[in-house]
Amino acid sequence: MQDPNEDTEWNEILRDFGILPPKEEPKDEIEEMVLRLQKEAMVKPYEKMTLGELKEAEDEFDEEDMRAIEIYREKRLQEWNALKKKQKFGELREISGNQYVNEVTNAEKDLWVIIHLYRSSIPMCLLVNHQLSLLAKKFPETKFVKAVVNSCIPHYHDNCLPTIFVYKNGQIEGKFIGITECGGINLKLEELEWKLAEVGAIETDLEENPKKGIADMMVSSIRNTSIYGDGDSSNSDNDTK
């Protein structure tokens, strides 16, 4: 049987018509190895090390390397601190009323804090707690907490629950009080996410209000009802005449 990789005129014709696959080019292993070594040589050894390994190997580098290492170490530390700060929270935590000031009002500078005041006997509060716990995982850079309302505000009226306050630098930047403002009994996760994003507490990837479609349908329905209602009224007037 003829070798399909053999350089013959017949094989070239068969390749042109797609009968034979393209000829495999022989790999130059030495060339590949040289290219790989050249690529590795361009990477400073300290760029592959952890911060601990850098500390142990300090005596092996010259003065120029040490300056570069210091810059590199600082960069790695900044990246690490930024990552830790971004992933600092990630859950909906329970707090008590006597923790409110420290955990919410006096939270660290420029930190967004979302607190839900709830009562476990109210189903809407349980729904909001569930949705907030999911959002806390999705947005770990924002602090999400909840508190039984009686521990924070005695004699708070049930009609005002659920209550969500959004804080930043000790100031209330947003508030949602009662079932309607919190999104209604059929509240969807995306709808609550949009509400909190509008205040600025989280950075959502949603492009538009999830309730926009529902609102448009309601407006359209009201307009149609108005049109048909006017028509019926006009017909009634004509019949009277």
# chains A, B, ... in the order shown; residues from 1 in each chain; ligands from 1

$ residues_around --residues "region 93-107 of chain A" --least-positions-apart "5" --cutoff "6 Å" --atoms "only C-alpha atoms" --output "list in words"
Val145, Lys146, Ala147, Ser151, Cys152 and Gly170 of chain A

$ write_last_selection --atoms "C-alpha atoms" --output "PDB file, in the first residue's frame"
ATOM      1  CA  VAL A 145     -27.039  41.139  57.465  1.00  0.00           C
ATOM      2  CA  LYS A 146     -30.454  40.478  58.982  1.00  0.00           C
ATOM      3  CA  ALA A 147     -31.930  41.167  62.410  1.00  0.00           C
ATOM      4  CA  SER A 151     -34.252  43.554  68.865  1.00  0.00           C
ATOM      5  CA  CYS A 152     -33.638  46.772  66.896  1.00  0.00           C
ATOM      6  CA  GLY A 170     -23.166  55.573  58.218  1.00  0.00           C
TER       7      GLY A 170
END

$ residues_around --residues "region 191-208 of chain A" --least-positions-apart "4" --cutoff "7 Å" --atoms "only C-alpha atoms" --output "ChimeraX atom specification"
/A:112,139,142,173-174,183,187

$ atom_distance --atom1 "CA of Ile115 (chain A)" --atom2 "CA of Lys143 (chain A)"
8.4 Å

$ atom_distance --atom1 "CA of Ile177 (chain A)" --atom2 "CA of Phe165 (chain A)"
8.4 Å

$ atom_distance --atom1 "CA of Trp80 (chain A)" --atom2 "CA of Leu134 (chain A)"
25.0 Å

$ closest_residue --among "A:Ile13, A:Leu132, A:Val113, A:Leu92" --to "Ile172 (chain A)" --atoms "only C-alpha atoms"
A:Val113

$ closest_residue --among "A:Lys137, A:Lys75, A:Lys109, A:His130" --to "Lys88 (chain A)" --atoms "only C-alpha atoms"
A:Lys137
